[in-house]
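Below is protein-v4.pdb, holding PDB, C-alpha atoms and all ligand atoms.
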ATOM      1  CA  MET A   1      -8.003 -18.855   5.073
ATOM      2  CA  SER A   2      -6.669 -16.949   2.118
ATOM      3  CA  VAL A   3      -4.975 -13.577   1.869
ATOM      4  CA  VAL A   4      -5.675 -11.070  -0.886
ATOM      5  CA  ALA A   5      -3.574  -7.959  -1.378
ATOM      6  CA  LEU A   6      -5.132  -4.864  -2.944
ATOM      7  CA  VAL A   7      -2.619  -2.635  -4.696
ATOM      8  CA  PRO A   8      -3.834   0.894  -5.429
ATOM      9  CA  ALA A   9      -1.742   1.912  -8.439
ATOM     10  CA  ALA A  10      -4.072   4.309 -10.266
ATOM     11  CA  GLY A  11      -2.419   7.597  -9.274
ATOM     12  CA  ARG A  12      -0.949   9.972 -11.858
ATOM     13  CA  GLY A  13       2.384  10.484 -10.114
ATOM     14  CA  GLU A  14       2.143  14.286 -10.442
ATOM     15  CA  ARG A  15       4.725  15.030  -7.757
ATOM     16  CA  LEU A  16       7.220  12.598  -9.265
ATOM     17  CA  GLY A  17       6.746  14.383 -12.586
ATOM     18  CA  TYR A  18       7.924  11.460 -14.721
ATOM     19  CA  GLY A  19       5.262  11.950 -17.400
ATOM     20  CA  MET A  20       3.633   8.576 -16.728
ATOM     21  CA  PRO A  21       1.676   6.958 -13.872
ATOM     22  CA  LYS A  22       4.076   6.395 -10.965
ATOM     23  CA  ALA A  23       3.319   2.667 -10.822
ATOM     24  CA  LEU A  24       4.799   2.257 -14.308
ATOM     25  CA  VAL A  25       8.006   4.187 -13.594
ATOM     26  CA  PRO A  26      10.981   1.815 -13.874
ATOM     27  CA  VAL A  27      13.797   1.498 -11.354
ATOM     28  CA  ASP A  28      16.665  -0.405 -12.979
ATOM     29  CA  GLY A  29      14.262  -1.415 -15.735
ATOM     30  CA  VAL A  30      11.546  -2.877 -13.470
ATOM     31  CA  PRO A  31       8.346  -0.841 -12.909
ATOM     32  CA  LEU A  32       7.545   0.110  -9.308
ATOM     33  CA  LEU A  33       4.268  -1.822  -9.518
ATOM     34  CA  VAL A  34       6.041  -5.043 -10.518
ATOM     35  CA  ARG A  35       8.468  -4.625  -7.615
ATOM     36  CA  ALA A  36       5.575  -4.026  -5.196
ATOM     37  CA  VAL A  37       3.678  -7.120  -6.375
ATOM     38  CA  ARG A  38       6.812  -9.280  -6.215
ATOM     39  CA  GLY A  39       7.414  -8.146  -2.641
ATOM     40  CA  LEU A  40       3.899  -9.160  -1.655
ATOM     41  CA  LEU A  41       4.119 -12.581  -3.301
ATOM     42  CA  ASP A  42       7.661 -13.244  -2.082
ATOM     43  CA  SER A  43       6.333 -13.033   1.492
ATOM     44  CA  GLY A  44       4.870 -16.476   0.821
ATOM     45  CA  CYS A  45       1.618 -15.586   2.556
ATOM     46  CA  VAL A  46      -0.352 -13.739  -0.155
ATOM     47  CA  GLN A  47      -2.477 -15.898  -2.483
ATOM     48  CA  HIS A  48      -4.190 -13.239  -4.604
ATOM     49  CA  VAL A  49      -3.377  -9.722  -5.764
ATOM     50  CA  VAL A  50      -5.854  -7.169  -7.131
ATOM     51  CA  ILE A  51      -4.295  -4.100  -8.740
ATOM     52  CA  ALA A  52      -6.269  -0.893  -9.256
ATOM     53  CA  ALA A  53      -4.703   0.492 -12.443
ATOM     54  CA  PRO A  54      -5.008   3.926 -14.039
ATOM     55  CA  PRO A  55      -8.263   3.576 -16.055
ATOM     56  CA  SER A  56      -6.492   4.478 -19.304
ATOM     57  CA  ASP A  57      -3.697   1.951 -18.679
ATOM     58  CA  VAL A  58      -5.533  -1.209 -17.594
ATOM     59  CA  ASP A  59      -4.271  -3.193 -20.600
ATOM     60  CA  VAL A  60      -0.715  -1.869 -20.190
ATOM     61  CA  VAL A  61      -0.755  -2.941 -16.535
ATOM     62  CA  ARG A  62      -2.163  -6.382 -17.455
ATOM     63  CA  ASP A  63       0.784  -6.815 -19.813
ATOM     64  CA  ILE A  64       3.470  -5.696 -17.391
ATOM     65  CA  VAL A  65       2.269  -7.835 -14.475
ATOM     66  CA  LYS A  66       2.653 -10.894 -16.684
ATOM     67  CA  THR A  67       6.379 -10.345 -16.080
ATOM     68  CA  VAL A  68       5.909 -11.270 -12.400
ATOM     69  CA  THR A  69       7.339 -14.770 -12.591
ATOM     70  CA  ALA A  70       8.385 -17.581 -10.244
ATOM     71  CA  PRO A  71       9.266 -17.691  -7.396
ATOM     72  CA  SER A  72       6.835 -14.787  -6.995
ATOM     73  CA  ALA A  73       3.965 -16.282  -8.997
ATOM     74  CA  PRO A  74       1.204 -17.468  -6.661
ATOM     75  CA  ALA A  75       0.427 -21.182  -6.559
ATOM     76  CA  GLY A  76      -3.241 -21.500  -7.446
ATOM     77  CA  GLY A  77      -3.759 -17.747  -7.130
ATOM     78  CA  ALA A  78      -3.679 -14.951  -9.608
ATOM     79  CA  VAL A  79      -2.936 -11.302 -10.182
ATOM     80  CA  HIS A  80      -6.094  -9.413 -11.190
ATOM     81  CA  VAL A  81      -6.216  -5.914 -12.660
ATOM     82  CA  VAL A  82      -9.227  -3.576 -12.355
ATOM     83  CA  ALA A  83      -9.661   0.094 -13.277
ATOM     84  CA  GLY A  84      -8.991   2.424 -10.350
ATOM     85  CA  GLY A  85     -10.936   5.537  -9.362
ATOM     86  CA  ALA A  86     -10.485   9.282  -8.951
ATOM     87  CA  GLU A  87      -9.108   9.107  -5.396
ATOM     88  CA  ARG A  88      -6.970   6.474  -3.705
ATOM     89  CA  SER A  89      -9.925   5.473  -1.515
ATOM     90  CA  ASP A  90     -12.029   4.909  -4.663
ATOM     91  CA  SER A  91      -9.301   2.680  -6.098
ATOM     92  CA  VAL A  92      -9.161   0.638  -2.887
ATOM     93  CA  ARG A  93     -12.951   0.278  -2.829
ATOM     94  CA  LEU A  94     -13.064  -0.882  -6.465
ATOM     95  CA  ALA A  95     -10.293  -3.431  -5.854
ATOM     96  CA  LEU A  96     -11.968  -4.620  -2.636
ATOM     97  CA  THR A  97     -15.313  -5.107  -4.387
ATOM     98  CA  HIS A  98     -13.611  -7.180  -7.085
ATOM     99  CA  ALA A  99     -11.625  -9.190  -4.527
ATOM    100  CA  LEU A 100     -14.605 -10.144  -2.382
ATOM    101  CA  ARG A 101     -16.650 -11.072  -5.461
ATOM    102  CA  GLU A 102     -13.938 -13.175  -7.135
ATOM    103  CA  MET A 103     -12.218 -14.535  -3.998
ATOM    104  CA  PRO A 104     -15.001 -15.164  -1.472
ATOM    105  CA  ASP A 105     -12.615 -17.340   0.565
ATOM    106  CA  ALA A 106     -10.417 -14.323   1.355
ATOM    107  CA  THR A 107     -10.467 -13.712   5.095
ATOM    108  CA  ILE A 108      -7.517 -11.325   5.296
ATOM    109  CA  VAL A 109      -7.137  -8.264   3.065
ATOM    110  CA  LEU A 110      -3.945  -6.234   2.720
ATOM    111  CA  VAL A 111      -3.907  -2.749   1.221
ATOM    112  CA  HIS A 112      -0.485  -1.865  -0.200
ATOM    113  CA  ASP A 113       0.564   1.194  -2.189
ATOM    114  CA  ALA A 114       2.359   0.448  -5.461
ATOM    115  CA  ALA A 115       4.486   3.461  -4.493
ATOM    116  CA  ARG A 116       6.017   1.459  -1.582
ATOM    117  CA  ALA A 117       7.735  -0.788  -4.071
ATOM    118  CA  PHE A 118      10.690  -1.812  -1.897
ATOM    119  CA  THR A 119       8.756  -3.046   1.134
ATOM    120  CA  PRO A 120      10.598  -6.111   2.474
ATOM    121  CA  PRO A 121       8.554  -9.348   2.287
ATOM    122  CA  ALA A 122       9.229  -9.795   6.034
ATOM    123  CA  VAL A 123       7.089  -6.716   6.751
ATOM    124  CA  VAL A 124       4.254  -8.201   4.669
ATOM    125  CA  LYS A 125       4.522 -11.457   6.622
ATOM    126  CA  ALA A 126       4.549  -9.663   9.989
ATOM    127  CA  VAL A 127       1.305  -7.868   9.097
ATOM    128  CA  VAL A 128      -0.412 -11.062   7.871
ATOM    129  CA  ASP A 129       0.744 -13.012  10.939
ATOM    130  CA  ALA A 130      -0.686 -10.370  13.282
ATOM    131  CA  VAL A 131      -4.078 -10.364  11.526
ATOM    132  CA  ALA A 132      -4.087 -14.183  11.492
ATOM    133  CA  ALA A 133      -3.365 -14.097  15.245
ATOM    134  CA  GLY A 134      -6.695 -12.304  15.755
ATOM    135  CA  HIS A 135      -6.040  -8.576  15.353
ATOM    136  CA  PRO A 136      -8.687  -7.107  13.001
ATOM    137  CA  ALA A 137      -6.465  -4.223  11.850
ATOM    138  CA  VAL A 138      -2.657  -4.098  11.689
ATOM    139  CA  ILE A 139      -0.308  -1.404  10.390
ATOM    140  CA  PRO A 140       3.491  -1.294   9.991
ATOM    141  CA  VAL A 141       4.997   1.793  11.640
ATOM    142  CA  LEU A 142       8.297   3.520  12.333
ATOM    143  CA  PRO A 143       9.291   5.970  15.061
ATOM    144  CA  LEU A 144       9.799   9.595  14.018
ATOM    145  CA  ALA A 145      13.303  10.910  13.547
ATOM    146  CA  ASP A 146      12.239  14.573  13.660
ATOM    147  CA  THR A 147      10.408  16.649  16.238
ATOM    148  CA  VAL A 148       6.867  17.478  15.078
ATOM    149  CA  LYS A 149       5.006  20.763  15.665
ATOM    150  CA  GLN A 150       1.311  21.522  15.375
ATOM    151  CA  VAL A 151       0.780  24.988  13.867
ATOM    152  CA  ASP A 152      -2.212  27.286  13.331
ATOM    153  CA  ASP A 153      -3.353  28.731   9.962
ATOM    154  CA  GLY A 154      -0.723  31.446  10.274
ATOM    155  CA  GLY A 155       2.091  28.912  10.780
ATOM    156  CA  VAL A 156       2.509  29.748  14.476
ATOM    157  CA  VAL A 157       3.305  26.775  16.689
ATOM    158  CA  VAL A 158       0.453  25.835  19.006
ATOM    159  CA  ALA A 159       1.735  22.509  20.342
ATOM    160  CA  THR A 160       4.665  20.097  20.354
ATOM    161  CA  PRO A 161       3.243  16.556  20.509
ATOM    162  CA  ASP A 162       5.341  14.033  22.409
ATOM    163  CA  ARG A 163       7.374  12.415  19.638
ATOM    164  CA  ALA A 164       7.780   9.221  21.639
ATOM    165  CA  SER A 165       4.097   8.410  21.142
ATOM    166  CA  LEU A 166       3.979   9.261  17.409
ATOM    167  CA  ARG A 167       4.570   6.858  14.518
ATOM    168  CA  ILE A 168       5.019   7.087  10.750
ATOM    169  CA  VAL A 169       2.560   4.738   9.042
ATOM    170  CA  GLN A 170       3.452   2.494   6.110
ATOM    171  CA  THR A 171       1.757  -0.215   4.074
ATOM    172  CA  PRO A 172       0.714  -2.986   3.670
ATOM    173  CA  GLN A 173      -2.064  -2.414   6.161
ATOM    174  CA  GLY A 174      -3.798  -5.674   7.037
ATOM    175  CA  PHE A 175      -7.439  -6.273   7.934
ATOM    176  CA  ASP A 176     -10.004  -8.844   8.690
ATOM    177  CA  ALA A 177     -11.920  -8.793   5.377
ATOM    178  CA  ALA A 178     -15.343  -8.143   6.948
ATOM    179  CA  VAL A 179     -13.983  -5.229   9.004
ATOM    180  CA  LEU A 180     -12.411  -3.525   5.966
ATOM    181  CA  LEU A 181     -15.621  -3.974   3.979
ATOM    182  CA  ARG A 182     -17.649  -2.422   6.819
ATOM    183  CA  ALA A 183     -15.210   0.504   6.983
ATOM    184  CA  HIS A 184     -15.480   1.183   3.256
ATOM    185  CA  ARG A 185     -19.275   0.942   3.342
ATOM    186  CA  SER A 186     -19.518   3.263   6.362
ATOM    187  CA  GLY A 187     -19.451   6.526   4.418
ATOM    188  CA  LEU A 188     -16.708   7.730   6.798
ATOM    189  CA  HIS A 189     -13.599   9.488   5.473
ATOM    190  CA  ALA A 190      -9.961   9.113   6.506
ATOM    191  CA  THR A 191      -6.551   9.488   4.891
ATOM    192  CA  ASP A 192      -5.776   5.781   5.108
ATOM    193  CA  ASP A 193      -7.646   2.506   5.489
ATOM    194  CA  ALA A 194      -6.603   2.063   9.109
ATOM    195  CA  GLY A 195      -7.990   5.536   9.801
ATOM    196  CA  LEU A 196     -11.383   4.398   8.476
ATOM    197  CA  VAL A 197     -11.340   1.266  10.621
ATOM    198  CA  GLU A 198     -10.245   3.305  13.631
ATOM    199  CA  ARG A 199     -13.271   5.550  13.176
ATOM    200  CA  LEU A 200     -15.481   2.457  13.448
ATOM    201  CA  GLY A 201     -14.024   1.966  16.928
ATOM    202  CA  VAL A 202     -12.025  -1.111  15.930
ATOM    203  CA  PRO A 203      -8.572  -1.337  17.577
ATOM    204  CA  VAL A 204      -5.640  -0.913  15.190
ATOM    205  CA  VAL A 205      -2.385  -2.535  16.313
ATOM    206  CA  THR A 206       1.124  -1.841  15.059
ATOM    207  CA  VAL A 207       4.057  -3.998  13.946
ATOM    208  CA  PRO A 208       7.538  -2.722  13.095
ATOM    209  CA  GLY A 209       7.837  -1.268   9.594
ATOM    210  CA  HIS A 210      11.088  -0.831   7.652
ATOM    211  CA  GLN A 211      12.820   2.177   6.132
ATOM    212  CA  ASP A 212      12.811   0.463   2.710
ATOM    213  CA  ALA A 213       8.972   0.599   2.811
ATOM    214  CA  MET A 214       9.154   4.370   2.255
ATOM    215  CA  LYS A 215       6.624   5.831  -0.166
ATOM    216  CA  ILE A 216       8.166   7.016  -3.413
ATOM    217  CA  THR A 217       6.606  10.431  -3.964
ATOM    218  CA  THR A 218       9.304  12.731  -5.366
ATOM    219  CA  LYS A 219      12.425  12.489  -7.533
ATOM    220  CA  PHE A 220      14.471  12.517  -4.319
ATOM    221  CA  ASP A 221      12.581   9.402  -3.139
ATOM    222  CA  LEU A 222      13.282   7.720  -6.470
ATOM    223  CA  ALA A 223      17.003   8.381  -5.974
ATOM    224  CA  VAL A 224      16.719   6.808  -2.493
ATOM    225  CA  ALA A 225      14.981   3.796  -4.076
ATOM    226  CA  GLU A 226      17.884   3.407  -6.482
ATOM    227  CA  ALA A 227      20.246   3.482  -3.498
ATOM    228  CA  ILE A 228      18.173   0.745  -1.791
ATOM    229  CA  LEU A 229      18.505  -1.362  -4.929
ATOM    230  CA  THR A 230      22.272  -0.998  -5.140
ATOM    231  CA  GLY A 231      22.642  -1.740  -1.443
ATOM    232  CA  THR A 232      23.843   1.750  -0.567
ATOM    233  CA  GLY A 233      20.586   2.676   1.129
ATOM    234  CA  GLY A 234      21.901   2.207   4.665
TER     235      GLY A 234
HETATM  236  N1  LIG B 301      -3.632   5.860  -6.047
HETATM  237  C1  LIG B 301      -4.687   5.176  -6.639
HETATM  238  N2  LIG B 301      -5.747   5.866  -7.149
HETATM  239  C2  LIG B 301      -5.774   7.208  -7.116
HETATM  240  C3  LIG B 301      -4.712   7.924  -6.492
HETATM  241  C4  LIG B 301      -3.646   7.201  -5.954
HETATM  242  O1  LIG B 301      -4.670   3.945  -6.707
HETATM  243  N3  LIG B 301      -6.817   7.850  -7.671
HETATM  244  C5  LIG B 301      -2.477   5.091  -5.537
HETATM  245  C6  LIG B 301      -1.163   5.510  -6.178
HETATM  246  O2  LIG B 301      -1.000   4.874  -7.444
HETATM  247  C7  LIG B 301      -0.139   5.109  -5.144
HETATM  248  C8  LIG B 301      -0.914   5.204  -3.828
HETATM  249  O3  LIG B 301      -2.301   5.327  -4.158
HETATM  250  O4  LIG B 301       0.320   3.768  -5.304
HETATM  251  C9  LIG B 301      -0.455   6.400  -3.011
HETATM  252  O5  LIG B 301      -0.745   7.593  -3.731
HETATM  253  P1  LIG B 301       0.331   8.707  -4.111
HETATM  254  O6  LIG B 301       1.652   8.377  -3.508
HETATM  255  O7  LIG B 301      -0.286  10.029  -3.858
HETATM  256  O8  LIG B 301       0.521   8.470  -5.692
HETATM  257  P2  LIG B 301       0.008   9.370  -6.883
HETATM  258  O9  LIG B 301      -1.395   9.811  -6.623
HETATM  259  O10 LIG B 301       0.279   8.604  -8.133
HETATM  260  O11 LIG B 301       1.021  10.597  -6.802
HETATM  261  P3  LIG B 301       0.655  12.168  -6.874
HETATM  262  O12 LIG B 301      -0.275  12.432  -5.709
HETATM  263  O13 LIG B 301       1.976  12.854  -6.764
HETATM  264  O14 LIG B 301      -0.013  12.386  -8.218
HETATM  265 MG    MG B 302      -1.794  11.109  -4.917
END
Take the structure in the file and give it back as structure tokens.
Amino acid sequence: MSVVALVPAAGRGERLGYGMPKALVPVDGVPLLVRAVRGLLDSGCVQHVVIAAPPSDVDVVRDIVKTVTAPSAPAGGAVHVVAGGAERSDSVRLALTHALREMPDATIVLVHDAARAFTPPAVVKAVVDAVAAGHPAVIPVLPLADTVKQVDDGGVVVATPDRASLRIVQTPQGFDAAVLLRAHRSGLHATDDAGLVERLGVPVVTVPGHQDAMKITTKFDLAVAEAILTGTGG
């Protein structure tokens, strides 16, 4: 059994507005992508990593991931970089195709946003352990802090879903490799990989996520990330 992590990192980071792809944005001098890859490898249960890089920055990304050094460097594994696609789902599919061609022994595939750069390695391990225990699809989740409303096109509230049964979804999402491949070949559409698998009728189970696994989307999120790094993040 080997575990490969796909890291979609090909987005432009428009909402962050940093003038460079978000994956390359440094926090305390270390790019988000490097932090994300280190977190995966530091879990001790990921053998291979395939990064989907912005197509114009594949060589830049190859250079910066060389800085991922021991104890994060995988024993006998490697960090691969491929060109990503127009949408996140395209980037995942391109990385998955590469992974299954180059690492045919991979039985578990994780999909992990570069933008969730501070995900604790323990969350990665919990996801891998649950897939290894026989669950074909596993996602880390958190309860909601806020009440959620469903509204119509005019912004008028039509329903108040029971918050107790709702969850915020994080990454890495973990899958049996064959199931994820089937989902991506299905022609179905969803906003995340677990959503695709769910539409195949495959059960998706949850494990506890962590607030540090937040997605860095805006400048505010980047400030929160800096607080996580300095230990003032709560
Ligand atoms: N991503 C990707 N390929 C794309 C679009 C997004 O690999 N064509 C990746 C991003 O690099 C990120 C993750 O998917 O790690 C989640 O996407 P998001 O947070 O939306 O990042 P960006 O697309 O970079 O940000 P924005 O939407 O603000 O431009
Ligand atoms: Mg985006």
Evaluate the PyMOL selection byres (((chain A and resi 116) around 6) and not hetatm) on the structure here and hand back the selected residues as an mmCIF file with C-alpha atoms, in the coordinates of the input.
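Okay, part-v5.cif is ready:
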data_model
loop_
_atom_site.group_PDB
_atom_site.id
_atom_site.type_symbol
_atom_site.label_atom_id
_atom_site.label_comp_id
_atom_site.auth_asym_id
_atom_site.auth_seq_id
_atom_site.Cartn_x
_atom_site.Cartn_y
_atom_site.Cartn_z
ATOM 1 C CA ASP A 113 0.564 1.194 -2.189
ATOM 2 C CA ALA A 114 2.359 0.448 -5.461
ATOM 3 C CA ALA A 115 4.486 3.461 -4.493
ATOM 4 C CA ALA A 117 7.735 -0.788 -4.071
ATOM 5 C CA PHE A 118 10.690 -1.812 -1.897
ATOM 6 C CA THR A 119 8.756 -3.046 1.134
ATOM 7 C CA ALA A 213 8.972 0.599 2.811
ATOM 8 C CA MET A 214 9.154 4.370 2.255
ATOM 9 C CA LYS A 215 6.624 5.831 -0.166
#
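For the pair atom CA of A:Asp57 and atom CA of A:Gly29, the interatomic distance is 18.5 Å.
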Within 9 Å of file point (4.0, -10.1, -4.2), counting all atoms listed in the file, expressed as a list in words: Ala5, Val34, Arg35, Ala36, Val37, Arg38, Gly39, Leu40, Leu41, Asp42, Ser43, Gly44, Val46, Gln47, His48, Val49, Val68, Ser72, Ala73, Pro74 and Pro121 of chain A
What lies within 12 Å of A:Ala99 using all atoms listed in the file, ignoring chain neighbours under 2 positions off, as number ranges by chain? A: 2-7, 47-52, 77-82, 92-97, 101-111, 177, 180-181
For ligand MG 302 (chain B), the closest of A:Asp28, A:Glu14, A:Asp212, A:Asp152 counting all atoms listed in the file is A:Glu14
Let me know the residues the PyMOL selection byres (((chain A and resi 15) around 9) and not hetatm) catches in the file above, as a PyMOL selection string. chain A and resi 12-14+16-18+217-219
Could the residues in this selection be saved with C-alpha atoms as an mmCIF file, in the coordinates of the input?
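Contents of again-v5.cif, as written:
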data_model
loop_
_atom_site.group_PDB
_atom_site.id
_atom_site.type_symbol
_atom_site.label_atom_id
_atom_site.label_comp_id
_atom_site.auth_asym_id
_atom_site.auth_seq_id
_atom_site.Cartn_x
_atom_site.Cartn_y
_atom_site.Cartn_z
ATOM 1 C CA ARG A 12 -0.949 9.972 -11.858
ATOM 2 C CA GLY A 13 2.384 10.484 -10.114
ATOM 3 C CA GLU A 14 2.143 14.286 -10.442
ATOM 4 C CA LEU A 16 7.220 12.598 -9.265
ATOM 5 C CA GLY A 17 6.746 14.383 -12.586
ATOM 6 C CA TYR A 18 7.924 11.460 -14.721
ATOM 7 C CA THR A 217 6.606 10.431 -3.964
ATOM 8 C CA THR A 218 9.304 12.731 -5.366
ATOM 9 C CA LYS A 219 12.425 12.489 -7.533
#
Using Å and a single decimal, report how far atom CA of A:Val204 sits from atom O11 of ligand LIG 301 (chain B). 25.7 Å
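Taking only C-alpha atoms and all ligand atoms into account, ligand LIG 301 (chain B) lies nearest to A:Ala23 out of the set A:Ala23, A:Leu32, A:Ile139, A:Ala190.
Counting only C-alpha atoms and all ligand atoms and comparing A:His98, A:Lys149, A:His112, A:Lys66, the residue that lies closest to ligand LIG 301 (chain B) is A:His112.
With only C-alpha atoms as the basis for measurement, A:Ala223 is the residue among A:Ala133, A:Val58, A:Ala223, A:Ala159 that approaches A:Pro26 most closely.
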Who sits within 10 Å of A:Leu200, all atoms listed in the file, same chain under 6 positions skipped, as a ChimeraX atom specification: /A:179,182-183,186,188,194
Pick the closest to ligand LIG 301 (chain B) from A:Gly201, A:Pro172, A:Gly134, A:Pro208: which is it, counting only C-alpha atoms and all ligand atoms? A:Pro172
Which residue, A:Pro31, A:Gly85, A:Pro55, A:Pro136, has the smallest gap to ligand MG 302 (chain B) when you use all atoms listed in the file? A:Gly85
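Neighbouring residues of A:Asp129 at 10 Å or closer, counting all atoms listed in the file and skipping chain neighbours under 6 positions away, are Cys45, Val123, His135, Val138 and Gly174 of chain A.
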d(atom CA of A:Asp192, atom CA of A:Glu226) in Å: 26.5 Å
Need the axis-aligned box for stretch 30-46 of chain A with 3 Å each side, so what are the centre and edges in Å to one decimal, as JSON?
{"center_x": 5.6, "center_y": -8.2, "center_z": -5.5, "size_x": 17.9, "size_y": 22.6, "size_z": 22.0}
Please evaluate the PyMOL selection byres (((chain A and resi 169) around 6) and not hetatm) against the structure above and give the resulting residues as JSON, numbers by chain. {"A": [141, 168, 170]}
